[in-house]
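Enquirer: Quick one: this structure, given as structure tokens, is what I'll be asking you about.
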Amino acid sequence: MTYPATKELAKRIAAVHAPEVGDAARAGARNAVLDTLGVILAGLDDDCALLAHQLAASEGGAPVARLIGTEERTSASWAAFVNGTAGHALDYDDVDFVLLGHPSVTLVPALLALAEERGIGGAKVLEAYAVGFELLHVLGRAVNPVHYRRGFHSTATLGSVGVAGACAYLLGLNEAQTRNALSLGASGSAGLVSNFGTMTKPFHAGQSARAGLVAAKLSEVGFTAAEDALETGFTAAMAAEGVGPEAHEFADWESAVAPWGPPWDIEEGVCVKIHPCCAMTHPGIDAMLDLVNSEDIQVADVAALGARASTMTLKVLRYKEATTGLEGKFSMPFCIASALVDRKVGIRQFEEDSVQRPEIAALQKRVAFELDEKMAREDPETEAAEVWVKLKDGRELTRFFPRARGHVENPLTEFELREKFLECAAVLTEEKAQAAWDAWYRLDAAEDIASLTAMLAEPVREPSPA
């Protein structure tokens with residue numbers, strides 16, 4: 001008999017009571033909200049965010065939710081889309097290795113837009129985030145890593161379901177309505193890894209935020225969906241290696257649902273990025289930065305260099321030589337070349353004029369990016385990486401990093417998280433950015449989300465010419 005995952009998850013979401021979401025879960029959710037707001041502000045000037053904003057403005061919508069970083073307000077669904085796209089534009093938002101994707105850039109834009117539209121306070125937003133994060137972990141445990149191996153981008157495909165469940169909780173939907181929202185969110189799933197390195201990857205985040213929000217709002221007014229969409233159609237279409245009569249049994253939904261909180265998974269935190277690029281590059285970047293700085297390696301000293309990584313890392317980092325900033329975010333040769341040349345891999349390194357520097361182009365060509373046979377055998381999905389440098393004096397130096405800084409097992413301090421936010425919020429004055437951090441840090445006590453989003457407003461920007 002097929003495990004009734006859709007019904008069971010709807011039942012659990014609808015049964016959550018506010019006191020069950022304790023201080024640790026609320027703190028984890030608050031930190032995720034703060035980091036996401038920062039990266040939305042940092043991504044405002046990216047062309048994909050500007051174009052999304054332009055389309056939202058041209059189509060219009062009831063002015064109920066703010067486009068973060070501007071004075072403009074639009075419909076909740078358009079705000080979720082634009083803010084989600086901006087938040088993922090730089091690939092600087094947090095990541096999760098159970099979901100195998102980006103949880104907060106889908107959840108936060110949708111929850112804030114919906115809360116602003118309905119006048120819901122910050123405490124309920126934090127609870128809904130914890131519920132949505134928990135749901136995303138259930139989905140990840142059920143279908144990954146095969147789902148991701150098949151070429152689906154979990155941020156988009158699982159994100160729409162996670163957002164639907166989080167928004168259903170925020171709206172106080174009953175069990176039947178929540179079940180419809182989850183199934184409708186499953187039909188709104190879409191996103192392909194093959195679009196990495198283009199504007200479509202940020203689109204995935206915005207689209208899943210919008211799709212999940214719309215699913216919950218439609219369910220609220222009576223829109224119906226199948227009672228078993230997750231364990232039957234969703235699994236068969238997106239998780240199984242082969243489609244056949246038993247395809248719906250591929251995912252172990254019962255085991256995936258069993259750990260449902262409390263304690264909530266967000267209590268352990270989420271992986272926060274310190275480099276604005278794909279998370280699979282981060283251990284390699286950190287290893288190269290450690291090696292370069294500890295040994296004071298200069299480019300002129302290097303005879304050869306390279307990196308070894310897992311099967312999944314080589315698949316995801318698909319650009320041998322990056323010619324654009326978007327490609328650079330998915331290129332290990334580019335990232336470790338930048339680490340060597342600049343001793344930093346930040347926002348500036350991915351700007352077009354920086355990517356196209358002759359010394360970076362030449363160094364990329366010399367980087368050997370290879371499969372590590374031991375990783376391929378023992379943990380083909382690991383993000384771990386080893387870098388090596390052969391010096392002209394004959395020495396060969398290596399560094400292995402199993403986890404990047406910012407990983408839940410190697411977390412940032414609150415001070416480091418705040419410093420990242422302030423750096424990302426450079427569109428604001430220093431005083432305004434600090435005031436915004438302080439106010440959003442007290443989100444649990446906030447009754448009015450609109451007053452908080454107003455603190456992040458700056459003038460409208462225009463996309464650069466095509």
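If you're wondering about the labels, chains in the structure tokens are A, B, ... by order shown, residues count from 1 in each chain, ligands from 1 in order shown.
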Fewer than 6 positions away in the same chain doesn't count, so skip those; otherwise give me all residues within 9 Å of Ala225 (chain A), counting only C-alpha atoms, as a list in words.

Expert: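 The contact residues come out as Arg179, Asn180, Ala181, Leu182, Ser183, Leu184 and Ser219 of chain A.
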
Enquirer: What lies within 8 Å of region 308-311 of chain A using only C-alpha atoms, ignoring chain neighbours under 3 positions off, as a PyMOL selection string?

Expert: chain A and resi 314-315+369-373+375-376+379-387

Enquirer: Identify which of the residues A:Glu458, A:Glu117, A:Glu231, A:Glu419 lies closest to Ile68 (chain A), counting only C-alpha atoms when measuring atom-to-atom distances.

Expert: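 Result for the nearest residue to Ile68 (chain A): A:Glu458.
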
Enquirer: Could you pull out the residues in region 105-243 of chain A that DSSP calls alpha helix (DSSP H) from the backbone, as a ChimeraX atom specification?

Expert: /A:105-118,122-143,146-149,154-157,159-171,175-187,200-220,235-238

Enquirer: Give me, as a tab-separated table, the closest atom pair and its distance (Å, one decimal) for every residue of region 109-188 of chain A within a cut-off of 12 Å of region 425-446 of chain A, counting only C-alpha atoms, rows sorted by chain and rising number.

Expert:
residue	atom	partner	partner_atom	distance
A:Leu112	CA	A:Leu443	CA	11.2
A:Ala115	CA	A:Ala446	CA	11.4
A:Glu116	CA	A:Ala446	CA	11.7
A:Gly119	CA	A:Ala446	CA	10.9
A:Ile120	CA	A:Ala446	CA	9.4
A:Gly121	CA	A:Ala446	CA	5.8
A:Gly122	CA	A:Asp444	CA	5.0
A:Ala123	CA	A:Asp444	CA	4.2
A:Lys124	CA	A:Asp444	CA	7.9
A:Val125	CA	A:Asp444	CA	8.2
A:Leu126	CA	A:Asp444	CA	7.0
A:Glu127	CA	A:Asp444	CA	9.4
A:Ala128	CA	A:Asp444	CA	11.9
A:Tyr129	CA	A:Asp444	CA	12.0

Enquirer: Store the residues picked out above, limited to N, CA, C and O atoms, as a short mmCIF file (atom, residue, chain, number, x, y, z; two decimals), in the first residue's frame.

Expert:
data_model
loop_
_atom_site.label_atom_id
_atom_site.label_comp_id
_atom_site.auth_asym_id
_atom_site.auth_seq_id
_atom_site.Cartn_x
_atom_site.Cartn_y
_atom_site.Cartn_z
N LEU A 112 6.96 36.86 3.25
CA LEU A 112 6.91 38.29 3.54
C LEU A 112 5.84 38.99 2.70
O LEU A 112 5.11 39.85 3.20
N ALA A 115 2.46 37.94 4.15
CA ALA A 115 2.24 38.56 5.45
C ALA A 115 1.93 40.04 5.32
O ALA A 115 1.08 40.59 6.03
N GLU A 116 2.61 40.70 4.39
CA GLU A 116 2.36 42.13 4.17
C GLU A 116 0.96 42.35 3.61
O GLU A 116 0.23 43.26 4.04
N GLY A 119 -1.53 41.51 6.60
CA GLY A 119 -1.33 42.13 7.89
C GLY A 119 -0.94 41.15 8.98
O GLY A 119 -1.31 41.32 10.15
N ILE A 120 -0.17 40.13 8.63
CA ILE A 120 0.27 39.10 9.58
C ILE A 120 1.62 39.51 10.15
O ILE A 120 2.51 39.97 9.42
N GLY A 121 1.81 39.31 11.45
CA GLY A 121 3.02 39.75 12.12
C GLY A 121 4.21 38.82 11.95
O GLY A 121 4.11 37.71 11.43
N GLY A 122 5.35 39.28 12.46
CA GLY A 122 6.60 38.57 12.29
C GLY A 122 6.66 37.22 12.98
O GLY A 122 7.31 36.30 12.48
N ALA A 123 6.01 37.09 14.12
CA ALA A 123 6.06 35.82 14.85
C ALA A 123 5.50 34.69 14.00
O ALA A 123 6.07 33.59 13.92
N LYS A 124 4.39 34.96 13.34
CA LYS A 124 3.76 33.93 12.49
C LYS A 124 4.63 33.64 11.27
O LYS A 124 4.69 32.49 10.80
N VAL A 125 5.31 34.63 10.75
CA VAL A 125 6.22 34.43 9.61
C VAL A 125 7.34 33.47 10.00
O VAL A 125 7.69 32.55 9.23
N LEU A 126 7.90 33.65 11.18
CA LEU A 126 8.98 32.77 11.63
C LEU A 126 8.48 31.34 11.82
O LEU A 126 9.17 30.38 11.48
N GLU A 127 7.30 31.19 12.36
CA GLU A 127 6.72 29.85 12.49
C GLU A 127 6.53 29.21 11.12
O GLU A 127 6.86 28.03 10.91
N ALA A 128 6.00 29.98 10.18
CA ALA A 128 5.75 29.45 8.84
C ALA A 128 7.05 29.08 8.15
O ALA A 128 7.11 28.07 7.42
N TYR A 129 8.10 29.87 8.38
CA TYR A 129 9.40 29.51 7.81
C TYR A 129 9.86 28.16 8.36
O TYR A 129 10.33 27.31 7.60
#

Enquirer: I'd like the contact shell of region 38-42 of chain A - 9 Å cut-off, only C-alpha atoms, skipping same-chain residues fewer than 5 positions apart - returned as a list in words.

Expert: Val33, Ile68, Gly69, Asn83, Gly84, Thr85, Ala86, Gly87, His88, Ala89, Leu90, Asp91, Tyr92, Asp93, Val105, Ile347, Lys420, Phe421, Leu422, Glu423, Cys424, Ala425, Ala426, Val427, Leu428 and Leu456 of chain A

Enquirer: What is the distance, in Å and to one decimal place, between CA of Val355 (chain A) and CA of Gly406 (chain A)?

Expert: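 Result for CA of Val355 (chain A) versus CA of Gly406 (chain A): 24.7 Å, one decimal.
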
Enquirer: Ranking A:Leu37, A:Ile13, A:Ala287, A:Ala450 by minimum distance to Ala65 (chain A) and counting only C-alpha atoms, which one comes first?

Expert: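 So, comparing all the options, the nearest one is A:Ala450.
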
Enquirer: Find the residues around Arg318 (chain A) up to 12 Å (only C-alpha atoms counted), leave out those fewer than 6 positions away in its own chain, and share them as a list in words.

Expert: Val193, Ser194, Asn195, Phe196, Gly197, Thr198, Cys278, Met280, Thr281, Thr311, Met312, Leu326, Glu327, Gly328, Lys329, Phe330, Ser331, Met332, Pro333, Phe334 and Phe369 of chain A

Enquirer: Might you pull out every residue within 9 Å of Asn174 (chain A), with only C-alpha atoms counted and same-chain residues fewer than 2 positions away left off, and present them as a list of chain:residue names?

Expert: A:Ala10, A:Lys11, A:Ile13, A:Ala14, A:Ala15, A:Ala168, A:Tyr169, A:Gly172, A:Ala176, A:Gln177, A:Thr178, A:Arg179, A:Glu220

Enquirer: What lies within 10 Å of Asp286 (chain A) using only C-alpha atoms, ignoring chain neighbours under 6 positions off, as a compact mmCIF listing (two decimals) with N, CA, C and O atoms, in the first residue's frame?

Expert:
# COMPACT_ATOMS: atom_id res chain seq x y z
N ILE A 274 29.47 32.62 1.96
CA ILE A 274 30.36 33.77 2.07
C ILE A 274 30.97 34.13 0.72
O ILE A 274 31.73 35.09 0.63
N HIS A 275 30.64 33.37 -0.31
CA HIS A 275 31.04 33.69 -1.69
C HIS A 275 29.77 33.67 -2.54
O HIS A 275 28.94 32.75 -2.40
N VAL A 292 46.79 29.81 -0.42
CA VAL A 292 47.43 31.02 -0.93
C VAL A 292 47.88 31.92 0.21
O VAL A 292 49.01 32.45 0.20
N ILE A 336 38.82 29.18 -8.48
CA ILE A 336 40.12 29.05 -7.82
C ILE A 336 41.17 29.95 -8.47
O ILE A 336 42.11 30.39 -7.81
N ALA A 339 40.58 33.16 -6.71
CA ALA A 339 41.12 33.08 -5.35
C ALA A 339 42.62 33.30 -5.35
O ALA A 339 43.17 33.96 -4.46
N LYS A 344 40.43 36.75 -2.93
CA LYS A 344 39.05 37.02 -2.53
C LYS A 344 38.14 36.56 -3.66
O LYS A 344 38.49 36.71 -4.83
N VAL A 345 37.00 35.97 -3.31
CA VAL A 345 36.00 35.63 -4.31
C VAL A 345 34.68 36.23 -3.81
O VAL A 345 33.93 35.60 -3.06
N ALA A 385 36.21 19.27 -1.49
CA ALA A 385 37.14 19.46 -2.60
C ALA A 385 38.57 19.53 -2.08
O ALA A 385 38.83 19.95 -0.96
N GLU A 386 39.49 19.09 -2.93
CA GLU A 386 40.92 19.23 -2.66
C GLU A 386 41.52 20.06 -3.77
O GLU A 386 41.26 19.82 -4.96
N VAL A 387 42.34 21.02 -3.40
CA VAL A 387 43.07 21.81 -4.40
C VAL A 387 44.56 21.53 -4.27
O VAL A 387 45.04 21.15 -3.20
N ARG A 399 45.48 21.27 -0.25
CA ARG A 399 44.55 21.54 0.85
C ARG A 399 43.24 20.82 0.55
O ARG A 399 42.75 20.86 -0.58
N PHE A 400 42.68 20.19 1.58
CA PHE A 400 41.39 19.51 1.45
C PHE A 400 40.41 20.15 2.42
O PHE A 400 40.70 20.27 3.62
N PHE A 401 39.27 20.59 1.90
CA PHE A 401 38.22 21.16 2.75
C PHE A 401 36.94 20.33 2.58
O PHE A 401 36.34 20.32 1.50
N ARG A 403 34.14 20.89 4.32
CA ARG A 403 33.01 21.78 4.51
C ARG A 403 33.47 23.22 4.38
O ARG A 403 34.51 23.60 4.90
N ALA A 404 32.68 24.02 3.69
CA ALA A 404 33.00 25.44 3.54
C ALA A 404 32.65 26.20 4.81
O ALA A 404 31.82 25.76 5.62
N ARG A 405 33.24 27.36 4.99
CA ARG A 405 32.80 28.26 6.04
C ARG A 405 31.37 28.67 5.76
O ARG A 405 30.99 28.97 4.63

Enquirer: Expressed in Å to a single decimal, how great is the separation between CA of Ala258 (chain A) and CA of Ala25 (chain A)?

Expert: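 Computed distance, CA of Ala258 (chain A) to CA of Ala25 (chain A), equals 18.6 Å.
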
Enquirer: Quick one: pull the distance between CA of Pro402 (chain A) and CA of Pro283 (chain A), Å, one decimal.

Expert: 6.6 Å

Enquirer: Please return as a list of chain:residue names: the residues of region 242-454 of chain A that backbone DSSP assigns to strand (DSSP E).

Expert: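 Assigned to strand (DSSP E), within region 242-454 of chain A: A:Val302, A:Ala303, A:Ala304, A:Leu305, A:Gly306, A:Ala307, A:Arg308, A:Ala309, A:Val367, A:Ala368, A:Phe369, A:Glu370, A:Leu371, A:Ala385, A:Glu386, A:Val387, A:Trp388, A:Val389, A:Lys390, A:Leu391, A:Glu396, A:Leu397, A:Thr398, A:Arg399, A:Phe400, A:Phe401.
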
Enquirer: Next, dump the selected residues to file, keeping only N, CA, C and O atoms, as an mmCIF file, in the first residue's frame.

Expert:
data_model
loop_
_atom_site.group_PDB
_atom_site.id
_atom_site.type_symbol
_atom_site.label_atom_id
_atom_site.label_comp_id
_atom_site.auth_asym_id
_atom_site.auth_seq_id
_atom_site.Cartn_x
_atom_site.Cartn_y
_atom_site.Cartn_z
ATOM 1 N N VAL A 302 53.570 29.928 -9.686
ATOM 2 C CA VAL A 302 52.792 28.716 -9.944
ATOM 3 C C VAL A 302 53.155 28.096 -11.287
ATOM 4 O O VAL A 302 53.083 28.747 -12.329
ATOM 5 N N ALA A 303 53.495 26.799 -11.238
ATOM 6 C CA ALA A 303 53.764 26.053 -12.469
ATOM 7 C C ALA A 303 52.498 25.374 -12.980
ATOM 8 O O ALA A 303 52.263 25.282 -14.187
ATOM 9 N N ALA A 304 51.675 24.865 -12.055
ATOM 10 C CA ALA A 304 50.430 24.182 -12.417
ATOM 11 C C ALA A 304 49.529 24.181 -11.188
ATOM 12 O O ALA A 304 49.995 24.314 -10.051
ATOM 13 N N LEU A 305 48.216 24.025 -11.418
ATOM 14 C CA LEU A 305 47.268 23.988 -10.302
ATOM 15 C C LEU A 305 46.004 23.250 -10.718
ATOM 16 O O LEU A 305 45.756 23.042 -11.916
ATOM 17 N N GLY A 306 45.239 22.846 -9.718
ATOM 18 C CA GLY A 306 44.012 22.134 -10.047
ATOM 19 C C GLY A 306 43.171 21.841 -8.827
ATOM 20 O O GLY A 306 43.498 22.221 -7.700
ATOM 21 N N ALA A 307 42.060 21.147 -9.057
ATOM 22 C CA ALA A 307 41.133 20.757 -7.997
ATOM 23 C C ALA A 307 40.569 19.387 -8.309
ATOM 24 O O ALA A 307 40.397 19.018 -9.479
ATOM 25 N N ARG A 308 40.295 18.638 -7.240
ATOM 26 C CA ARG A 308 39.661 17.322 -7.362
ATOM 27 C C ARG A 308 38.371 17.350 -6.552
ATOM 28 O O ARG A 308 38.354 17.864 -5.426
ATOM 29 N N ALA A 309 37.317 16.777 -7.118
ATOM 30 C CA ALA A 309 36.021 16.860 -6.452
ATOM 31 C C ALA A 309 35.154 15.665 -6.823
ATOM 32 O O ALA A 309 35.574 14.754 -7.538
ATOM 33 N N VAL A 367 44.018 25.398 -15.203
ATOM 34 C CA VAL A 367 43.462 24.681 -14.054
ATOM 35 C C VAL A 367 42.965 23.300 -14.481
ATOM 36 O O VAL A 367 42.156 23.168 -15.397
ATOM 37 N N ALA A 368 43.465 22.272 -13.811
ATOM 38 C CA ALA A 368 42.971 20.909 -14.026
ATOM 39 C C ALA A 368 41.859 20.645 -13.026
ATOM 40 O O ALA A 368 42.085 20.660 -11.817
ATOM 41 N N PHE A 369 40.660 20.416 -13.518
ATOM 42 C CA PHE A 369 39.506 20.131 -12.652
ATOM 43 C C PHE A 369 39.099 18.693 -12.900
ATOM 44 O O PHE A 369 38.581 18.357 -13.965
ATOM 45 N N GLU A 370 39.332 17.827 -11.906
ATOM 46 C CA GLU A 370 39.260 16.383 -12.130
ATOM 47 C C GLU A 370 38.395 15.687 -11.085
ATOM 48 O O GLU A 370 38.205 16.185 -9.966
ATOM 49 N N LEU A 371 37.924 14.520 -11.462
ATOM 50 C CA LEU A 371 37.167 13.668 -10.548
ATOM 51 C C LEU A 371 38.107 13.030 -9.538
ATOM 52 O O LEU A 371 39.168 12.499 -9.895
ATOM 53 N N ALA A 385 36.210 19.270 -1.485
ATOM 54 C CA ALA A 385 37.141 19.464 -2.602
ATOM 55 C C ALA A 385 38.574 19.526 -2.080
ATOM 56 O O ALA A 385 38.827 19.949 -0.956
ATOM 57 N N GLU A 386 39.488 19.095 -2.931
ATOM 58 C CA GLU A 386 40.917 19.229 -2.663
ATOM 59 C C GLU A 386 41.525 20.059 -3.774
ATOM 60 O O GLU A 386 41.260 19.817 -4.957
ATOM 61 N N VAL A 387 42.344 21.025 -3.397
ATOM 62 C CA VAL A 387 43.067 21.809 -4.403
ATOM 63 C C VAL A 387 44.561 21.534 -4.269
ATOM 64 O O VAL A 387 45.035 21.148 -3.201
ATOM 65 N N TRP A 388 45.271 21.714 -5.359
ATOM 66 C CA TRP A 388 46.710 21.503 -5.347
ATOM 67 C C TRP A 388 47.402 22.551 -6.206
ATOM 68 O O TRP A 388 46.820 23.071 -7.162
ATOM 69 N N VAL A 389 48.616 22.869 -5.807
ATOM 70 C CA VAL A 389 49.428 23.827 -6.558
ATOM 71 C C VAL A 389 50.840 23.280 -6.662
ATOM 72 O O VAL A 389 51.432 22.888 -5.650
ATOM 73 N N LYS A 390 51.379 23.227 -7.880
ATOM 74 C CA LYS A 390 52.793 22.911 -8.097
ATOM 75 C C LYS A 390 53.537 24.216 -8.320
ATOM 76 O O LYS A 390 53.183 25.005 -9.200
ATOM 77 N N LEU A 391 54.544 24.445 -7.503
ATOM 78 C CA LEU A 391 55.316 25.669 -7.596
ATOM 79 C C LEU A 391 56.552 25.478 -8.471
ATOM 80 O O LEU A 391 57.040 24.358 -8.641
ATOM 81 N N GLU A 396 55.000 20.774 -4.200
ATOM 82 C CA GLU A 396 53.583 20.579 -4.516
ATOM 83 C C GLU A 396 52.804 20.650 -3.213
ATOM 84 O O GLU A 396 53.046 19.885 -2.277
ATOM 85 N N LEU A 397 51.848 21.582 -3.147
ATOM 86 C CA LEU A 397 51.073 21.846 -1.941
ATOM 87 C C LEU A 397 49.612 21.498 -2.178
ATOM 88 O O LEU A 397 49.076 21.723 -3.271
ATOM 89 N N THR A 398 48.952 20.950 -1.170
ATOM 90 C CA THR A 398 47.532 20.589 -1.291
ATOM 91 C C THR A 398 46.771 21.074 -0.065
ATOM 92 O O THR A 398 47.331 21.243 1.019
ATOM 93 N N ARG A 399 45.476 21.269 -0.250
ATOM 94 C CA ARG A 399 44.549 21.542 0.846
ATOM 95 C C ARG A 399 43.239 20.816 0.549
ATOM 96 O O ARG A 399 42.751 20.856 -0.577
ATOM 97 N N PHE A 400 42.683 20.192 1.584
ATOM 98 C CA PHE A 400 41.390 19.511 1.452
ATOM 99 C C PHE A 400 40.413 20.152 2.421
ATOM 100 O O PHE A 400 40.695 20.267 3.615
ATOM 101 N N PHE A 401 39.267 20.590 1.903
ATOM 102 C CA PHE A 401 38.216 21.158 2.754
ATOM 103 C C PHE A 401 36.936 20.331 2.581
ATOM 104 O O PHE A 401 36.345 20.321 1.502
#

Enquirer: Kindly indicate which residue among A:Leu363, A:Leu230, A:Leu452, A:Leu55 lies nearest to Val143 (chain A), using only C-alpha atoms for the distances.

Expert: A:Leu230

Enquirer: As a PyMOL selection string, please: the residues near Gly269 (chain A) (cut-off 9 Å, only C-alpha atoms, same-chain neighbours under 2 positions excluded).

Expert: chain A and resi 25+27-29+31-32+265-267+271-272+407-408+411

Enquirer: Which of these, A:Ala76, A:Ala156, A:Ala24, A:Ala322, has the shortest distance to Gly61 (chain A) once you count only C-alpha atoms?

Expert: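 Ranking A:Ala76, A:Ala156, A:Ala24, A:Ala322 by distance to Gly61 (chain A), first place goes to A:Ala76.
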